[in-house]
Amino acid sequence: MFCLRLFGGFDFIAYVASMKNLFFFLLIFSFPKNSFAQKEKAIKKLNDNLLKIKQKHELLGLSVAVVRKNITVFLGSYGLAHERKKIPLTVNSAYRIASISKSVTATALLMLHDKGLFRLDEDISPTLGFTLRNPRFPTEPITFRQLLNHTSSLRDGGAYHRFLDESLGNKPPLLKDLLSPKGKYYTPDLFSDRKPAEAFEYSNLAYGVIGALVEKLSKQRFDKFCKAKIFQPLGLRASFNVEDISPRNLVTLYRKDGAGKWISQVDDYRTEKLKPRKLQKYKIGSNGLMFSPQGALRISPKELSKLMILYLNKGMIGKKRLLKESTVLEMCKTQWKIGKDNLESQDKLFQAWGLGFHLVQGKAKTDIVFPKKNMIGHFGEAYGLISDFYFDPESQNGFVFMTNGSARPFLKGSKSAYCLLEEDVFEAIKNFLAEY
């Protein structure tokens, strides 16, 4: 079905195609007739390729958004948001996007930096309200910049997971009791044997600390700050608090068990009633992990593509500015790059980092997204989900990809450190952008 309407002073064409377990939506600005045929062909090819990828990798569902020249030109969702109730995915289905959340968390902190509330290279301890040091290097301060680029020396040690679980309840423990040597949750493996700024080590815990810093600086709960200062101004249906999202819009994440049955992992609120947390006594800034700033943002690829445009526009969407241009440039600037003193031993994917952004270098067998393109963004993996969010400031192109589960393990890629599924999706999107 095709329809032509007037929108914001521009003609645009909305293309909608649907079939069983498929919702496919596209916005394209007006173009000449011969160009229209070319674009229509590219759209159909990408649509067909994504369906083939879904079948090849035995995915329960997948969603894709593609941005070209700073405009979202493709939105497609295929398969099921909920397996047992056979509820189809739509472009408005909100996934728990895992570590892509960190880019949004970094954005929240840097909005406060734009207000002059801290400097990137200052010690976080005065803001945090207690002295945070790697006990092996007690005279070395930990800075805001180090938290953002994973060089703070904080690690996801054994105590982190227990503390995180308890943080999701009605009585979240104090972050100080995890990170202070005399705290009841503290374990030595929460800190690296390398001093701050000396080495890269990917850390979910560091982004929990960022959550606490956002609260301390803004004097608001982390989820409420992000909602009021990022999502609502941009008109986005998104939240770090699952209670803000209607259960009918949530995507359930799945894994298959040994018997071949889909087992829900998270956000199954169509069969389990969501129980609101009672946090009236929570002290702002005392536990930055309680809304999981490291991984618990719920948002659809459609809405996430709008955030991508914010970064491509260097901090603006339309007439709304959320970040200074200089701040976005700093986020995308190389803060850390692999070298003889910065070896990351566990994952070849990590070659360079900005502030809240993974900086893709395009090295063979490591971090290739599009060949010969230095992409910027983030990835995610948790509870059966794989997610990717990458853009190229030079071409103004980018994409969002998510799946809520595969019937079999994700296989290692043949060209990069990404999995084979991601490589297939990257290739399909690369070809679409070249042909569109």
# chains A, B, ... in the order shown; residues from 1 in each chain; ligands from 1
>>> residues_around(residues="Gly116 of chain A", least_positions_apart="6", cutoff="12 Å", atoms="only C-alpha atoms", output="list in words")
Leu109, Leu110, Leu217, Ser218, Lys324 and Thr327 of chain A
>>> select_by_dssp(residues="segment 325-412 of chain A", states="alpha helix (DSSP H)", output="list in words")
Glu325, Ser326, Thr327, Val328, Leu329, Glu330, Met331 and Cys332 of chain A
>>> closest_residue(among="A:Val104, A:Cys226, A:Met316, A:Ala159", to="Asn70 of chain A", atoms="only C-alpha atoms")
A:Met316
>>> closest_residue(among="A:Lys229, A:Lys430, A:Lys52, A:His358", to="Phe370 of chain A", atoms="only C-alpha atoms")
A:Lys430
>>> closest_residue(among="A:Arg133, A:His113, A:Lys176, A:Lys256", to="Ser406 of chain A", atoms="only C-alpha atoms")
A:Lys256
>>> select_by_dssp(residues="segment 51-222 of chain A", states="strand (DSSP E)", output="ChimeraX atom specification")
/A:61-68,71-82,87-88,95-96
>>> write_last_selection(atoms="N, CA and C atoms", output="mmCIF file, in the first residue's frame")
data_model
loop_
_atom_site.group_PDB
_atom_site.id
_atom_site.type_symbol
_atom_site.label_atom_id
_atom_site.label_comp_id
_atom_site.auth_asym_id
_atom_site.auth_seq_id
_atom_site.Cartn_x
_atom_site.Cartn_y
_atom_site.Cartn_z
ATOM 1 N N GLY A 61 12.369 -13.336 16.739
ATOM 2 C CA GLY A 61 11.996 -12.052 16.156
ATOM 3 C C GLY A 61 13.217 -11.193 15.917
ATOM 4 N N LEU A 62 13.094 -10.224 15.026
ATOM 5 C CA LEU A 62 14.155 -9.252 14.834
ATOM 6 C C LEU A 62 13.567 -7.940 14.355
ATOM 7 N N SER A 63 14.268 -6.861 14.652
ATOM 8 C CA SER A 63 13.849 -5.523 14.240
ATOM 9 C C SER A 63 15.052 -4.765 13.724
ATOM 10 N N VAL A 64 14.812 -3.945 12.704
ATOM 11 C CA VAL A 64 15.890 -3.175 12.076
ATOM 12 C C VAL A 64 15.384 -1.765 11.772
ATOM 13 N N ALA A 65 16.217 -0.776 12.034
ATOM 14 C CA ALA A 65 15.995 0.605 11.590
ATOM 15 C C ALA A 65 17.244 1.036 10.843
ATOM 16 N N VAL A 66 17.059 1.731 9.732
ATOM 17 C CA VAL A 66 18.195 2.215 8.944
ATOM 18 C C VAL A 66 18.058 3.721 8.757
ATOM 19 N N VAL A 67 19.158 4.419 9.032
ATOM 20 C CA VAL A 67 19.227 5.866 8.836
ATOM 21 C C VAL A 67 20.137 6.137 7.642
ATOM 22 N N ARG A 68 19.659 6.947 6.708
ATOM 23 C CA ARG A 68 20.471 7.349 5.551
ATOM 24 C C ARG A 68 20.381 8.863 5.404
ATOM 25 N N ILE A 71 18.217 10.636 7.930
ATOM 26 C CA ILE A 71 16.776 10.410 7.951
ATOM 27 C C ILE A 71 16.543 8.908 8.132
ATOM 28 N N THR A 72 15.598 8.534 8.986
ATOM 29 C CA THR A 72 15.230 7.125 9.127
ATOM 30 C C THR A 72 14.447 6.713 7.881
ATOM 31 N N VAL A 73 15.023 5.813 7.084
ATOM 32 C CA VAL A 73 14.411 5.438 5.804
ATOM 33 C C VAL A 73 13.831 4.028 5.802
ATOM 34 N N PHE A 74 14.139 3.251 6.840
ATOM 35 C CA PHE A 74 13.636 1.874 6.877
ATOM 36 C C PHE A 74 13.375 1.467 8.310
ATOM 37 N N LEU A 75 12.208 0.910 8.552
ATOM 38 C CA LEU A 75 11.869 0.327 9.846
ATOM 39 C C LEU A 75 11.177 -0.993 9.588
ATOM 40 N N GLY A 76 11.734 -2.070 10.091
ATOM 41 C CA GLY A 76 11.109 -3.372 9.892
ATOM 42 C C GLY A 76 11.157 -4.220 11.145
ATOM 43 N N SER A 77 10.054 -4.870 11.473
ATOM 44 C CA SER A 77 9.999 -5.799 12.598
ATOM 45 C C SER A 77 9.360 -7.093 12.138
ATOM 46 N N TYR A 78 9.961 -8.215 12.481
ATOM 47 C CA TYR A 78 9.575 -9.527 11.962
ATOM 48 C C TYR A 78 9.505 -10.532 13.108
ATOM 49 N N GLY A 79 8.492 -11.344 13.132
ATOM 50 C CA GLY A 79 8.396 -12.385 14.142
ATOM 51 C C GLY A 79 7.581 -11.973 15.349
ATOM 52 N N LEU A 80 7.903 -12.560 16.490
ATOM 53 C CA LEU A 80 7.056 -12.449 17.672
ATOM 54 C C LEU A 80 7.702 -11.660 18.801
ATOM 55 N N ALA A 81 6.898 -10.830 19.444
ATOM 56 C CA ALA A 81 7.307 -10.147 20.672
ATOM 57 C C ALA A 81 7.080 -11.047 21.881
ATOM 58 N N HIS A 82 6.081 -11.942 21.774
ATOM 59 C CA HIS A 82 5.800 -12.902 22.840
ATOM 60 C C HIS A 82 5.463 -14.240 22.213
ATOM 61 N N ILE A 87 2.159 -12.945 19.954
ATOM 62 C CA ILE A 87 1.974 -11.519 19.736
ATOM 63 C C ILE A 87 3.077 -11.024 18.796
ATOM 64 N N PRO A 88 2.718 -10.456 17.649
ATOM 65 C CA PRO A 88 3.740 -10.044 16.677
ATOM 66 C C PRO A 88 4.494 -8.795 17.122
ATOM 67 N N TYR A 95 12.353 -3.105 23.268
ATOM 68 C CA TYR A 95 13.287 -4.118 23.754
ATOM 69 C C TYR A 95 14.061 -3.589 24.966
ATOM 70 N N ARG A 96 14.480 -4.500 25.835
ATOM 71 C CA ARG A 96 15.506 -4.177 26.830
ATOM 72 C C ARG A 96 16.823 -4.301 26.076
#
>>> residues_around(residues="Ile142 of chain A", least_positions_apart="3", cutoff="8 Å", atoms="only C-alpha atoms", output="mmCIF file with C-alpha atoms, in the first residue's frame")
data_model
loop_
_atom_site.group_PDB
_atom_site.id
_atom_site.type_symbol
_atom_site.label_atom_id
_atom_site.label_comp_id
_atom_site.auth_asym_id
_atom_site.auth_seq_id
_atom_site.Cartn_x
_atom_site.Cartn_y
_atom_site.Cartn_z
ATOM 1 C CA GLU A 122 38.355 15.663 38.054
ATOM 2 C CA ASP A 123 38.105 13.154 40.877
ATOM 3 C CA ILE A 124 34.576 11.727 41.199
ATOM 4 C CA SER A 125 34.842 11.179 44.968
ATOM 5 C CA LEU A 132 36.493 5.854 45.718
ATOM 6 C CA ARG A 133 39.972 4.492 45.049
ATOM 7 C CA GLN A 146 37.813 7.127 33.056
ATOM 8 C CA LEU A 147 34.360 5.839 33.969
ATOM 9 C CA SER A 152 38.720 3.502 35.712
ATOM 10 C CA PRO A 196 43.309 4.067 36.582
#
>>> closest_residue(among="A:Val266, A:Leu178, A:Leu274, A:Leu236", to="Ala296 of chain A", atoms="only C-alpha atoms")
A:Val266
>>> closest_residue(among="A:Glu435, A:Asn397, A:Gly354, A:Glu198", to="Gly339 of chain A", atoms="only C-alpha atoms")
A:Glu198
>>> residues_around(residues="Leu304 of chain A", least_positions_apart="5", cutoff="10 Å", atoms="only C-alpha atoms", output="ChimeraX atom specification")
/A:65,94,97,100,104,236-238,298-299,309-310,389,399-400
